[in-house]
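S.K.: Sharing a structure below in structure tokens format, with a few things to ask.
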Amino acid sequence: MNKKIQNLIEQKIWVYLIPLFIFAIISLLTKQFYVAAVQAFLILVFLIYHFILHKKKEKDFLSIMESLRKDTDLAKNFSLLNFPLPMVILALENDALVWGNRSFYEINKRVSKRVDARVQDFIPGFTAGWLRENENQSDALFEVDGRKFKAYGNKIARDKDDEDDRLLAICYFVDRTDFEDLNLEYNKSRPCVGYVTIDNYEELTKGLVDRRKNEIRDQIEELLIQWIESTQGILRRFEKDKYVFLFEKRYLERLKAADFPILDTVHKVEGRIGMHATISIGIGYSAENLSENLKLTSMASEMALSRGGDQAVLRDKNKFEFFGGKSSEIKTRSNIRSRVMAQALSELISQAEKVYVMGHKQPDMDAVGAAVAVCALARKLGKTAKIILNRNRTASELLIARLEEQEEYRGVLKSPEDALSRVNENTLLVVVDTNRPEQTIEPRIIDACNIVAVIDHHRRAETFIQKAALSFVEPIASSTCELMSEILEEQLETGDLYKFEAEAMLSGMIMDTKGFTLRTGERTFEAAAFLLRSGADILVVKRLLQNDIESTVSRYEILQSARLYRGNVAIAATETPHERVIIAQAADELLNVLGIETSFVVCPGEDGDIMISGRSIGEIDVQHILETLGGGGNREAAAARIKGEEITKAVERLMDAIDDYLED
């Protein structure tokens with residue numbers, strides 16, 4: 001018996017026995033034998049009485065304890081059975097139901113109590129894997145009849161001598177429906193902030209009287225108001241061609257599913273000489289507060305405009321999403337922007353300790369020509385710019401070889417490794433002909449430089465260089481050399497640009513415009529005229545653009561594999577590896593065939609990756625198609641690189657992307 005319990009029921013008999021025992025000893029010593037006998041008798045009586053009384057109290061105490069145990073078990077069983085939370089005991093090896101309380105069986109009344117029942121029979125999708133991994137709660141919610149439950153529990157320890165060796169666990173379920181519904185409603189009611197910009201407002205209203213200008217703007221504004229009313233949001237104009245709007249996130253999925261029809265609706269508004277209105281939409285959401293949302297909105301709006309407008313761009317904390325953007329870019333640009341960029345770039349060069357220029361991997365003539373233009377501007381400002389090149393991987397051998405022959409360019413061309421070891425926090429890095437860090441010759445150099453400028457004519461992609469102090473990205477320009485020509489025209493005087501530099505830039509323009517037949521506008525010819533005035537010889541440029549016999553043969557080997565797809569789309573695919581420039585030239589060559597308005601060439605590059613080059617002279621936007629495959633570019637010329645895939649699979653993915661584009 002427990003010692004504390006024993007002490008509780010025992011009488012302190014020694015209090016009486018010790019004095020009697022002492023008196024009995026004294027009586028014996030004094031030879032009072034009768035008195036000693038009486039005292040011994042009394043001691044014996046006390047011992048017998050104590051023994052009988054002890055046994056009775058022990059029996060009564062055990063009876064009381066047994067009664068308490070039964071009452072406790074009854075209360076415990078009653079409490080578990082009527083516990084307000086659904087509770088089960090289950091076998092972990094197969095999730096078999098061992099016991100369940102009344103609340104558990106009431107979760108799903110359509111399921112009967114069976115001997116072989118499993119927890120999944122009552123709660124669909126339930127699994128005790130989290131219990132087996134010693135977790136005390138499930139990650140997932142379990143739904144029953146529209147109610148959402150989260151499971152909690154732990155394993156049950158068993159006695160060593162227990163004959164039942166099954167591993168059991170106790171699990172209870174907490175109804176989280178109200179909390180989850182409240183959380184869902186909270187997320188749905190989060191604000192989304194958007195900007196709407198009328199892309200071509202100046203062009204729509206140029207030369208019109210004020211009354212007609214207001215009519216055009218009012219027509220566009222009325223369409224925008226009708227569109228935003230479908231989201232129960234608000235719209236306010238804060239500049240003559242810019243609006244801000246707010247709506248709840250619950251309507252965002254509806255807008256995305258509809259692919260922003262307002263983009264097409266606005267096209268119904270016509271300005272002067274039949275020009276149709278276009279808008280750009282930038283929406284930011286999922287930030288912690290309105291201020292952060294507004295920053296995301298600005299990023300999305302800038303992205304939409306830099307990609308040519310007439311599209312919607314969404315931006316959350318992690319990524320961009322693109323909608324629309326299938327129509328041609330607005331073929332106008334402002335001289336003011338070029339003038340501002342020329343001044344800003346000049347200031348960055350003047351303040352920098354060192355200046356480096358870098359293009360994309362295997363730089364073509366447009367990239368090299370733009371880099372040469374940066375060198376000319378730096379020289380005018382008293383600085384020496386260095387061009388970063390991987391000499392073994394370039395698509396403009398003749399042009400680079402000619403630069404190396406020039407006295408003024410000795411020591412200008414640097415390897416990526418050399419440049420990476422020399423840049424510091426006061427170095428200006430100018431990235432030309434690409435705005436994606438992963439496409440540059442050496443992305444680590446971008447991270448190593450605190451001051452970065454980006455000059456490019458391709459649409460911005462999701463992974464654009466975000467740390468740029470200056471970003472001159474104009475997707476409607478024919479080439480990066482065109483943009484740099486406008487900058488040099490603002491900053492240089494007659495004679496500042498060397499003849500071979502002007503020829504390098506003109507070769508880049510001619511290559512990207514396919515001899516001034518694609519993506520050319522008024523500004524393109526003005527830039528070309530500036531280069532010709534600077535001494536560019538068109539015959540020298542023609543020689544720089546010539547291909548050797550091996551490249552020509554390779555190009556026509558690719559063309560032999562061309563097949564028509566969807567009527568006017570040509571797809572050429574070959575297993576033979578080719579240089580990037582050959583792949584691009586083959587795609588250009590296919591557009592010379594009657595009836596072909598869009599071409600794609602698919603073949604391995606020299607590094608084993610699958611290269612896709614796309615060209616278009618029709619309604620199909622090749623940049624939009626190849627962007628879904630991780631590529632980029634502009635409407636008429638784009639490219640993509642696919643790693644670790646076979647040619648046949650790459651062609652299938654390309655066809656799927658074409659189908660999705662044409663069926664939208």
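Residues are named by chain letter and number: chains run A, B, ... in the order of the structure tokens, numbers start at 1 in each chain, and ligands are numbered from 1 in the order shown.
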DSSP on the backbone: what in stretch 369-590 of chain A comes out strand (DSSP E), as a PyMOL selection string?

M.R.: chain A and resi 385-388+413-414+427-432+451-456+470-473+562-565+569-573

S.K.: Among stretch 470-619 of chain A, which residues carry a DSSP assignment of alpha helix (DSSP H), reported as a count of residues only?

M.R.: 68

S.K.: Quick one: everything within 10 Å of A:His457, counting only C-alpha atoms, minus sequence neighbours fewer than 2 positions away in the same chain. Send it as a ChimeraX atom specification.

M.R.: /A:306-307,432-435,455,459-460,472-483,633-634

S.K.: One decimal, Å: what's the distance from atom CA of A:Ser534 over to atom CA of A:Met509, could you say?

M.R.: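 Here the two named atoms are 14.9 Å from each other.
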
S.K.: With the cut-off set at 9 Å and counting only C-alpha atoms, tabulate each residue of stretch 149-210 of chain A with an atom at most that distance from an atom of stretch 279-284 of chain A, showing the nearest atom pair and its distance in Å to one decimal, ordered by chain and increasing number, as a tab-separated table.

M.R.:
```
residue	atom	partner	partner_atom	distance
A:Cys192	CA	A:Gly284	CA	6.0
A:Val193	CA	A:Gly284	CA	5.5
A:Gly194	CA	A:Ile283	CA	4.1
A:Tyr195	CA	A:Gly282	CA	5.2
A:Val196	CA	A:Ile281	CA	4.7
A:Thr197	CA	A:Ser280	CA	5.2
A:Ile198	CA	A:Ile279	CA	4.4
A:Asp199	CA	A:Ile279	CA	5.1
A:Asn200	CA	A:Ile279	CA	7.8
```

S.K.: So that I can see what lies close to A:Asn547, please list as a list of chain:residue names the residues with an atom at most 10 Å from it, counting only C-alpha atoms and leaving out residues fewer than 6 positions away in the same chain.

M.R.: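 Counting only the stated atoms, we get A:Leu398, A:Val553, A:Ile582.
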
S.K.: Can you write out the residues you just picked, keeping C-alpha atoms, as a compact mmCIF listing (two decimals), in the first residue's frame?

M.R.:
```txt
# COMPACT_ATOMS: atom_id res chain seq x y z
CA LEU A 398 34.50 41.02 -89.02
CA VAL A 553 25.88 26.72 -96.74
CA ILE A 582 23.28 31.50 -88.50
```

S.K.: For A:Leu381, work out the shell of residues within 10 Å, counting only C-alpha atoms and skipping chain neighbours fewer than 3 positions away, then give it as a list in words.

M.R.: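 Close residues of A:Leu381: Ser346, Glu347, Ile349, Ser350, Cys375, Ala376, Leu377, Ala378, Thr384, Gln491 and Leu492 of chain A.
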
S.K.: Can you pull out the residues contacting A:Asn426? Cut-off 9 Å, using only C-alpha atoms, and skip same-chain residues under 4 positions away; I want them as a list in words.

M.R.: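 The filter keeps Gln351, Ala352, Glu353, Lys354, Cys449, Asn450 and Ile451 of chain A.
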
S.K.: Calculated over only C-alpha atoms, which of the candidates A:Glu143, A:Glu652, A:Asp621, A:Glu489 has the smallest distance to A:Arg339?

M.R.: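 Checking each candidate against A:Arg339, we get A:Glu489 as the closest.
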
S.K.: So, with only C-alpha atoms as the atoms that count, which of A:Glu321, A:Glu442, A:Glu405, A:Asp145 lies closest to A:Ala419?

M.R.: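 When distances to A:Ala419 are compared using only C-alpha atoms, the smallest one comes from A:Glu442.
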
S.K.: What lies within 9 Å of stretch 511-515 of chain A using only C-alpha atoms, ignoring chain neighbours under 3 positions off, as an MDAnalysis selection string?

M.R.: chainID A and resid 364:366 478:479 506:508 518:520 545 588 637

S.K.: Could you take the residues named above and write them with C-alpha atoms, as a PDB file, in the first residue's frame?

M.R.:
```pdb
ATOM      1  CA  ASP A 364      25.829  40.841 -82.800  1.00  0.00           C
ATOM      2  CA  MET A 365      26.556  44.009 -84.766  1.00  0.00           C
ATOM      3  CA  ASP A 366      23.826  45.978 -83.026  1.00  0.00           C
ATOM      4  CA  SER A 478      14.642  49.675 -84.879  1.00  0.00           C
ATOM      5  CA  SER A 479      17.860  48.945 -83.007  1.00  0.00           C
ATOM      6  CA  LEU A 506      25.276  51.759 -89.229  1.00  0.00           C
ATOM      7  CA  SER A 507      26.026  48.055 -89.712  1.00  0.00           C
ATOM      8  CA  GLY A 508      24.061  47.334 -86.515  1.00  0.00           C
ATOM      9  CA  LEU A 518      11.610  45.997 -90.988  1.00  0.00           C
ATOM     10  CA  ARG A 519      10.796  48.153 -87.959  1.00  0.00           C
ATOM     11  CA  THR A 520      11.854  51.353 -89.692  1.00  0.00           C
ATOM     12  CA  LEU A 545      27.646  42.314 -93.282  1.00  0.00           C
ATOM     13  CA  ASP A 588      15.265  36.077 -91.756  1.00  0.00           C
ATOM     14  CA  ALA A 637      12.189  39.537 -84.016  1.00  0.00           C
TER      15      ALA A 637
END
```

S.K.: Rounded to one decimal place, report the atom CA of A:Ile558-atom CA of A:Gly369 distance in Å.

M.R.: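 Between atom CA of A:Ile558 and atom CA of A:Gly369 the gap is 27.7 Å.
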
S.K.: Quick check, in Å to one decimal: how far apart do atom CA of A:Ile43 and atom CA of A:Thr30 lie?

M.R.: 19.1 Å

S.K.: With only C-alpha atoms as the basis for distance, which of A:Leu428, A:Ile658, A:Leu255, A:Leu345 is at the shortest distance from A:Phe323?

M.R.: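 Checking each candidate against A:Phe323, we get A:Leu255 as the closest.
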
S.K.: Which one of A:Val174, A:Ile596, A:Ile625, A:Glu221 sits closest to A:Arg653 if you count only C-alpha atoms?

M.R.: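 Selected residue with least distance to A:Arg653: A:Ile625.
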